[in-house]
Amino acid sequence: MDHKDYFEIVIAGITIRFQTNHQSDIDCLEGLFSYHKTTNNMPYEEEKIVHNVIINSSSKQLELPKDTVSVWEGFVSTEYSISMVWHNSMIANENFITVGKDIIIHHIPASRLTTCYLQEKRRRLGKSHRPLLNIYIFLLTHNILSMYGKYSIHSACMAKNGYAYLFLGKSGEGKSTISTLLGTSGFEYMGDDLAFISQNKDGEIMIDAFLSKMKQQNEKSNTKNAIDAIKEKHFKYTYQSKLGAVIKLQRTHASDKSVLIPATQTESFVGLIHSGNNIKMQYHPQLWLDICEQASLLPSFTLMFADKASFNPDILHNALNK
C-alpha cells in the first residue's frame with residue numbers, strides 16, 4: 001500500500017489499517033483518532049494484530065449475496081437514526097451489515113479483513129456524493145474489536161494509581177463533567193464517552209482508552225462543544241489500566257453534596273450490560289457476558305452526582321482505596 005492511501009490506528013491493542021483513496025476519510029480518521037495513530041508512543045507489547053479495512057466506492061446499485069439471511073435489525077446510533085441490518089452468510093463464516101441503502105460492511109474474521117462498499121451518487125454539475133465515514137465509523141470499530149474480545153462500553157473513564165474507573169451513565173448524567181473535574185484533580189483521562197473492556201490472559205479485567213475529544217457544555221448556548229482536553233486542559237492520559245471500580249452516575253438535586261453509595265453485584269452487572277454498545281451487533285456475546293460478570297465482582301458504587309461546584313474528588317476515596 002502507498003503511504004498516502006492508508007491510515008493506521010491502534011485501539012485496545014489492535015491495529016486497524018484503513019485503506020482509502022478519499023481524503024475526506026483520512027481527514028475524519030485524523031480528527032477522531034489523532035491520539036491513536038501508530039506513530040504515537042503506545043504501551044502495547046503483545047504480538048501485533050493487524051485488521052485491514054478497505055473502503056470502496058461505486059456508482060452501481062449495492063446488492064447482498066443471495067446466500068445471506070438477516071438476523072438482527074436496529075439503528076446506527078441515537079445521533080444517526082439510520083436503519084442497519086446484520087446478515088449472516090449461510091455458506092461461509094462471514095457477515096454483512098447494511099447501513100441504510102448506501103453502505104454494505106462485509107466482515108471476514110478469518111482473514112482479518114473488512115470491506116466497506118459505498119454507493120456513490122451523481123449530483124448536479126457532475127459532482128458525486130458518497131456516505132461519510134463518521135456515520136458508520138463507531139459501528140465499524142465496535143464490530144472489529146469485538147472479533148478480538150474487546151468490547152465498547154458507553155462510559156467515561158478516568159484512571160489513578162494504575163486503576164481505571166468506569167463512570168456509567170446516560171447522556172446528561174454527567175460523564176463529561178466528572179471527567180473534567182477529575183482531570184483537573186490529577187486523574188488520567190481515558191475518555192468521556194467510550195471505553196473498551198476485555199479480559200487479559202491472567203483473568204484481569206482491563207480497560208482501554210478511546211482518547212476522543214471531550215464534549216463540553218456551553219452554558220450560554222446550551223449546546224455541547226468538542227474540545228481536545230489533553231491539549232487544551234493539559235490532562236494527563238493513559239491508554240490502558242486494570243479496572244478498579246464501576247460507578248454508576250445519577251444526577252440529583254436533593255442537595256449540593258454528592259454521595260457515593262455501595263452497589264450490589266447485580267446492579268453493577270445490569271449497568272454494564274445496559275452500557276454495552278450494539279450488543280447484538282458484536283462477536284462472541286457469551287464472552288461479553290462473562291467479562292461483565294467478572295467486572296461486577298469488583299467494587300461498585302452509585303454516585304449521586306450533585307452540584308459540580310461543590311464536588312470534592314475525595315468522595316471517591318472508598319472506591320480508589322487500592
# chains A, B, ... in the order shown; residues from 1 in each chain; ligands from 1

call {"tool": "residues_around", "arguments": {"residues": "Ile97 (chain A)", "least_positions_apart": "2", "cutoff": "12 Å", "atoms": "only C-alpha atoms", "output": "MDAnalysis selection string"}}
result
chainID A and resid 63:65 68:76 83:89 94:95 99:108 114:117 136 139:140 143 280:282

call {"tool": "select_by_dssp", "arguments": {"residues": "region 32-148 of chain A", "states": "alpha helix (DSSP H)", "output": "number ranges by chain"}}
result
A: 32, 133-146

call {"tool": "write_last_selection", "arguments": {"atoms": "C-alpha atoms", "output": "PDB file, in the first residue's frame"}}
result
ATOM      1  CA  LEU A  32     -11.249  11.251  15.615  1.00  0.00           C
ATOM      2  CA  LEU A 133     -17.097   7.781   7.264  1.00  0.00           C
ATOM      3  CA  ASN A 134     -18.224   9.450  10.501  1.00  0.00           C
ATOM      4  CA  ILE A 135     -21.726   7.972  10.002  1.00  0.00           C
ATOM      5  CA  TYR A 136     -20.529   4.389  10.450  1.00  0.00           C
ATOM      6  CA  ILE A 137     -17.010   4.581  11.939  1.00  0.00           C
ATOM      7  CA  PHE A 138     -18.007   3.738  15.532  1.00  0.00           C
ATOM      8  CA  LEU A 139     -20.193   0.821  14.449  1.00  0.00           C
ATOM      9  CA  LEU A 140     -17.307  -0.397  12.313  1.00  0.00           C
ATOM     10  CA  THR A 141     -14.750  -0.079  15.136  1.00  0.00           C
ATOM     11  CA  HIS A 142     -17.125  -1.758  17.591  1.00  0.00           C
ATOM     12  CA  ASN A 143     -17.635  -4.739  15.266  1.00  0.00           C
ATOM     13  CA  ILE A 144     -13.945  -5.205  14.523  1.00  0.00           C
ATOM     14  CA  LEU A 145     -12.689  -5.011  18.108  1.00  0.00           C
ATOM     15  CA  SER A 146     -15.340  -7.449  19.319  1.00  0.00           C
TER      16      SER A 146
END

call {"tool": "closest_residue", "arguments": {"among": "A:Gln19, A:Asn312, A:Ser81, A:Asn225", "to": "Ser185 (chain A)", "atoms": "only C-alpha atoms"}}
result
A:Asn312

call {"tool": "residues_around", "arguments": {"residues": "Gly276 (chain A)", "least_positions_apart": "2", "cutoff": "10 Å", "atoms": "only C-alpha atoms", "output": "JSON, numbers by chain"}}
result
{"A": [151, 152, 153, 154, 155, 194, 196, 197, 271, 272, 273, 274, 278, 279, 280, 288, 292]}

call {"tool": "closest_residue", "arguments": {"among": "A:Lys248, A:Lys308, A:Lys60, A:His36", "to": "Ile14 (chain A)", "atoms": "only C-alpha atoms"}}
result
A:His36

call {"tool": "atom_distance", "arguments": {"atom1": "CA of Thr238 (chain A)", "atom2": "CA of Asp208 (chain A)"}}
result
8.6 Å

call {"tool": "atom_distance", "arguments": {"atom1": "CA of Glu120 (chain A)", "atom2": "CA of Asn21 (chain A)"}}
result
13.7 Å

call {"tool": "residues_around", "arguments": {"residues": "Arg112 (chain A)", "least_positions_apart": "4", "cutoff": "8 Å", "atoms": "only C-alpha atoms", "output": "list of chain:residue names"}}
result
A:Val50, A:His51, A:Asn52, A:Ile108

call {"tool": "write_last_selection", "arguments": {"atoms": "N, CA and C atoms", "output": "mmCIF file, in the first residue's frame"}}
result
data_model
loop_
_atom_site.group_PDB
_atom_site.id
_atom_site.type_symbol
_atom_site.label_atom_id
_atom_site.label_comp_id
_atom_site.auth_asym_id
_atom_site.auth_seq_id
_atom_site.Cartn_x
_atom_site.Cartn_y
_atom_site.Cartn_z
ATOM 1 N N VAL A 50 -3.082 -7.026 12.983
ATOM 2 C CA VAL A 50 -3.499 -6.013 12.021
ATOM 3 C C VAL A 50 -4.804 -6.453 11.362
ATOM 4 N N HIS A 51 -5.801 -5.595 11.451
ATOM 5 C CA HIS A 51 -7.069 -5.842 10.756
ATOM 6 C C HIS A 51 -7.193 -4.795 9.655
ATOM 7 N N ASN A 52 -7.333 -5.258 8.423
ATOM 8 C CA ASN A 52 -7.396 -4.359 7.279
ATOM 9 C C ASN A 52 -8.840 -3.963 6.961
ATOM 10 N N ILE A 108 -14.892 -10.429 7.191
ATOM 11 C CA ILE A 108 -14.351 -11.784 7.039
ATOM 12 C C ILE A 108 -13.358 -11.992 8.186
#

call {"tool": "residues_around", "arguments": {"residues": "Asp307 (chain A)", "least_positions_apart": "5", "cutoff": "8 Å", "atoms": "only C-alpha atoms", "output": "VMD selection string"}}
result
chain A and resid 253 255 to 258

call {"tool": "select_by_dssp", "arguments": {"residues": "region 176-205 of chain A", "states": "strand (DSSP E or B)", "output": "short mmCIF file (atom, residue, chain, number, x, y, z; two decimals) with N, CA and C atoms, in the first residue's frame"}}
result
data_model
loop_
_atom_site.label_atom_id
_atom_site.label_comp_id
_atom_site.auth_asym_id
_atom_site.auth_seq_id
_atom_site.Cartn_x
_atom_site.Cartn_y
_atom_site.Cartn_z
N GLU A 188 -5.95 10.55 35.39
CA GLU A 188 -5.56 10.38 33.99
C GLU A 188 -6.81 10.16 33.13
N TYR A 189 -6.88 10.87 32.04
CA TYR A 189 -8.03 10.82 31.13
C TYR A 189 -7.97 9.59 30.25
N ALA A 195 -15.23 3.60 26.15
CA ALA A 195 -14.03 2.87 26.57
C ALA A 195 -14.20 1.43 26.09
N PHE A 196 -13.13 0.64 26.18
CA PHE A 196 -13.18 -0.75 25.75
C PHE A 196 -12.78 -1.66 26.92
N ILE A 197 -13.58 -2.70 27.13
CA ILE A 197 -13.39 -3.61 28.26
C ILE A 197 -13.04 -4.99 27.72
N SER A 198 -12.11 -5.68 28.40
CA SER A 198 -11.69 -7.01 27.97
C SER A 198 -11.10 -7.74 29.16
N GLN A 199 -10.70 -8.99 28.94
CA GLN A 199 -10.07 -9.79 29.98
C GLN A 199 -8.74 -10.28 29.46
N ILE A 205 -9.55 -7.90 34.45
CA ILE A 205 -10.40 -7.07 33.61
C ILE A 205 -9.65 -5.78 33.28
#

call {"tool": "closest_residue", "arguments": {"among": "A:Leu166, A:Ile261, A:Leu181, A:Ile230", "to": "Ala245 (chain A)", "atoms": "only C-alpha atoms"}}
result
A:Leu166

call {"tool": "closest_residue", "arguments": {"among": "A:Ser241, A:Thr252, A:Asn93, A:Gln216", "to": "Ser179 (chain A)", "atoms": "only C-alpha atoms"}}
result
A:Gln216

call {"tool": "residues_around", "arguments": {"residues": "Ser171 (chain A)", "least_positions_apart": "2", "cutoff": "10 Å", "atoms": "only C-alpha atoms", "output": "PyMOL selection string"}}
result
chain A and resi 154-155+168-169+173-176+193

call {"tool": "residues_around", "arguments": {"residues": "Gly13 (chain A)", "least_positions_apart": "5", "cutoff": "8 Å", "atoms": "only C-alpha atoms", "output": "MDAnalysis selection string"}}
result
chainID A and resid 44 46 48:49

call {"tool": "atom_distance", "arguments": {"atom1": "CA of Leu297 (chain A)", "atom2": "CA of Gly244 (chain A)"}}
result
10.4 Å

call {"tool": "closest_residue", "arguments": {"among": "A:Gln286, A:Ser212, A:Thr266, A:Ser296", "to": "Gly31 (chain A)", "atoms": "only C-alpha atoms"}}
result
A:Ser212

call {"tool": "closest_residue", "arguments": {"among": "A:Gln294, A:Ala226, A:Tyr237, A:Asp192", "to": "Lys170 (chain A)", "atoms": "only C-alpha atoms"}}
result
A:Asp192
